[in-house]
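One structure is given below, encoded as structure tokens.
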Amino acid sequence: MKKNYISFLFFFLLGALMTFAQTTLAQWNFNGDATTTVPGGTSAPTPSVGAGSAAIVGGLTPSFASGVASGGSSDPVTTSPPNYGWGTTNYAPLGTENKQRGVQFNVSTVGYTGITFMYDQRLSNSSNNTYVVQYSINGTDWVDAQTFTFTPAATGTGDTWYKNRTVDLSSVTALDNNANAAFRVVSAFDPTTGNYLASTSTTTYATTGTSRFDMVTISAAATMNVEDFESSAFAMFPNPSQSMVHFNKVVSISVFDLTGKKVLSKENVNSIDITELVTGIYFIQSEEGYTQKLIKE
């Protein structure tokens, strides 16, 4: 009995370590000494941890505002300044632009697997009650991952922080080892009414409602080991190359430039001709989502 208990305890602790041993690839806390000194500015704030980029989706107006107000976000900093959140307003009018306005975050996951996206969001009384988290493996085509919605709250309970909204994307293997992984949070129609709905029951939805973001975090559960690369990735040669690039197996691939634009795609090939590409750095991604860097001479 004692032996079984010890075994159970060992595996429980091992599971707990595996669950919480996340590697932060990028995190945005939007903090600064003043709203005018937050790194990157309101249109493209830079990460406080790791590497990546952020951008506005649609015609939103961005700003920085308190990350402490209304109970505060999950940011451990408790003063404002320096604790700010990324504020957004000028959302779409009723009945228009479903899932077309929000915020986007681009992060390379090369060398990592088991991706998770997490964030805090503060909603004003007249802001929308429904937001969808989407992901992209190429920065262009978007897939709905999870919807966050709620029945509009009663009067006086608006201006609320929803902390640690978490989307587990570990089953989306195309996001593993991907130089072009991207994530966004977009305002969406309420799933019941089919239109935008204010966050509080006695308030009318308004385009001037505000949605504020904080502690946006993209993390990975594990790093890829040698066996992972050898069994699932593809190899190419020569690299650098001026013309032909050959693969170690038949693959369907897409080629992206540094801006994330797809410049070439081929299906079921064991080589490609890159003669027409301009000199520079590219990323070749297989249909499974595995990515290799290519240098065109």
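Numbering starts fresh at 1 for the residues of each chain in the structure tokens, the chains themselves are lettered A, B, ... in the order given, and ligands are numbered from 1 as they appear.
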Per residue of stretch 136-217 of chain A within 9 Å of stretch 268-290 of chain A, note the shortest atom pair and the distance in Å to one decimal, counting only C-alpha atoms, and order the rows by chain and increasing residue number, as JSON lines.
{"residue": "A:Ile137", "atom": "CA", "partner": "A:Gly289", "partner_atom": "CA", "distance": 7.0}
{"residue": "A:Asn138", "atom": "CA", "partner": "A:Gln285", "partner_atom": "CA", "distance": 8.8}
{"residue": "A:Thr173", "atom": "CA", "partner": "A:Gly289", "partner_atom": "CA", "distance": 7.0}
{"residue": "A:Ala174", "atom": "CA", "partner": "A:Gly289", "partner_atom": "CA", "distance": 4.0}
{"residue": "A:Leu175", "atom": "CA", "partner": "A:Gly289", "partner_atom": "CA", "distance": 6.4}
{"residue": "A:Asp176", "atom": "CA", "partner": "A:Gly289", "partner_atom": "CA", "distance": 6.9}
{"residue": "A:Asn177", "atom": "CA", "partner": "A:Tyr290", "partner_atom": "CA", "distance": 5.6}
{"residue": "A:Asn178", "atom": "CA", "partner": "A:Tyr290", "partner_atom": "CA", "distance": 5.9}
{"residue": "A:Ala179", "atom": "CA", "partner": "A:Phe283", "partner_atom": "CA", "distance": 7.3}
{"residue": "A:Asn180", "atom": "CA", "partner": "A:Phe283", "partner_atom": "CA", "distance": 8.5}
TODO: Tell me which of A:Phe30, A:Tyr112, A:Asp75, A:Thr88 sits closest to A:Thr223, counting only C-alpha atoms.
DONE: A:Tyr112
- [ ] Write out as a ChimeraX atom specification the residues lying within 10 Å of A:Ser126, counting only C-alpha atoms and excluding same-chain residues fewer than 2 positions away.
- [x] /A:123-124,128-129,158-159,197-211
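Each of A:Ala153, A:Leu264, A:Val167, A:Ile115 was compared to A:Val132 using only C-alpha atoms, and A:Val167 turns out to be the nearest.
Interatomic distance, atom CA of A:Asp257 to atom CA of A:Ala181: 13.7 Å.
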Could you go through stretch 98-231 of chain A and tell me which residues DSSP, when run on the backbone, assigns to strand (DSSP E or B), listing them as an mmCIF file with C-alpha atoms, in the first residue's frame?
data_model
loop_
_atom_site.group_PDB
_atom_site.id
_atom_site.type_symbol
_atom_site.label_atom_id
_atom_site.label_comp_id
_atom_site.auth_asym_id
_atom_site.auth_seq_id
_atom_site.Cartn_x
_atom_site.Cartn_y
_atom_site.Cartn_z
ATOM 1 C CA GLY A 102 -9.305 43.644 -32.500
ATOM 2 C CA VAL A 103 -5.636 43.084 -31.686
ATOM 3 C CA GLN A 104 -3.021 40.740 -33.150
ATOM 4 C CA PHE A 105 0.199 39.196 -31.830
ATOM 5 C CA ASN A 106 2.887 37.525 -33.973
ATOM 6 C CA TYR A 112 8.893 24.772 -29.315
ATOM 7 C CA THR A 113 5.703 22.724 -29.021
ATOM 8 C CA GLY A 114 2.480 22.842 -27.008
ATOM 9 C CA ILE A 115 1.424 26.455 -27.505
ATOM 10 C CA THR A 116 -0.875 28.372 -25.146
ATOM 11 C CA PHE A 117 -2.300 31.879 -25.565
ATOM 12 C CA MET A 118 -3.379 33.806 -22.450
ATOM 13 C CA TYR A 119 -4.480 37.377 -21.746
ATOM 14 C CA ASP A 120 -6.413 39.734 -19.454
ATOM 15 C CA GLN A 121 -9.231 41.871 -20.860
ATOM 16 C CA ARG A 122 -11.132 44.782 -19.307
ATOM 17 C CA LEU A 123 -14.512 45.658 -20.821
ATOM 18 C CA ASN A 128 -19.110 44.244 -26.752
ATOM 19 C CA TYR A 131 -14.660 38.126 -28.346
ATOM 20 C CA VAL A 132 -13.094 35.323 -30.362
ATOM 21 C CA VAL A 133 -9.482 34.185 -30.130
ATOM 22 C CA GLN A 134 -8.135 33.115 -33.505
ATOM 23 C CA TYR A 135 -4.832 31.632 -34.623
ATOM 24 C CA SER A 136 -2.965 31.521 -37.920
ATOM 25 C CA VAL A 143 -9.063 29.866 -37.570
ATOM 26 C CA ASP A 144 -11.441 30.406 -34.631
ATOM 27 C CA ALA A 145 -9.969 28.784 -31.519
ATOM 28 C CA GLN A 146 -12.228 29.842 -28.646
ATOM 29 C CA THR A 147 -15.129 32.209 -27.983
ATOM 30 C CA PHE A 148 -15.350 34.217 -24.763
ATOM 31 C CA ALA A 153 -23.994 41.860 -16.487
ATOM 32 C CA THR A 160 -14.559 44.623 -15.328
ATOM 33 C CA TRP A 161 -11.266 42.781 -15.784
ATOM 34 C CA TYR A 162 -11.547 39.184 -17.041
ATOM 35 C CA LYS A 163 -8.211 37.754 -15.990
ATOM 36 C CA ASN A 164 -6.182 34.872 -17.387
ATOM 37 C CA ARG A 165 -8.389 34.071 -20.342
ATOM 38 C CA THR A 166 -6.577 30.991 -21.595
ATOM 39 C CA VAL A 167 -6.649 29.137 -24.906
ATOM 40 C CA ASP A 168 -4.851 25.785 -25.004
ATOM 41 C CA ALA A 182 0.001 34.529 -35.049
ATOM 42 C CA PHE A 183 -2.860 35.086 -32.635
ATOM 43 C CA ARG A 184 -5.591 37.673 -32.389
ATOM 44 C CA VAL A 185 -8.569 38.651 -30.262
ATOM 45 C CA VAL A 186 -11.450 40.085 -32.292
ATOM 46 C CA SER A 187 -14.852 41.503 -31.420
ATOM 47 C CA ALA A 198 -23.295 45.566 -24.600
ATOM 48 C CA THR A 200 -24.092 45.366 -19.189
ATOM 49 C CA SER A 211 -11.634 46.983 -24.511
ATOM 50 C CA ARG A 212 -8.332 47.003 -22.646
ATOM 51 C CA PHE A 213 -5.712 44.221 -22.808
ATOM 52 C CA ASP A 214 -2.925 43.282 -20.423
ATOM 53 C CA MET A 215 -0.491 40.451 -19.665
ATOM 54 C CA VAL A 216 -0.780 38.943 -23.147
ATOM 55 C CA THR A 217 1.345 35.790 -23.015
ATOM 56 C CA ILE A 218 2.283 33.158 -25.587
ATOM 57 C CA SER A 219 3.946 30.148 -23.979
ATOM 58 C CA ALA A 220 5.140 26.657 -24.914
ATOM 59 C CA ALA A 221 4.972 23.405 -22.976
ATOM 60 C CA ALA A 222 8.231 21.939 -24.285
ATOM 61 C CA THR A 223 11.208 22.412 -26.534
#
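For A:Thr36, the set of protein, DNA and RNA residues having any atom at most 12 Å away, when counting only C-alpha atoms and skipping those fewer than 2 positions along the same chain, is Phe30, Asn31, Gly32, Asp33, Ala34, Val38, Pro39, Gly40, Gly41, Thr42, Ser43, Pro45, Ser63, Phe64, Ala65, Pro81, Pro82 and Tyr84 of chain A.
Among the candidates A:Ala92, A:Ala26, A:Ala55, A:Ala235, the residue lying nearest to A:Asn195 is A:Ala92 (atoms considered: only C-alpha atoms).
Remark: for A:Gly67, the closest of the candidate residues A:Thr89, A:Gly52, A:Thr35, A:Phe256 is A:Thr35 (distances computed over only C-alpha atoms).
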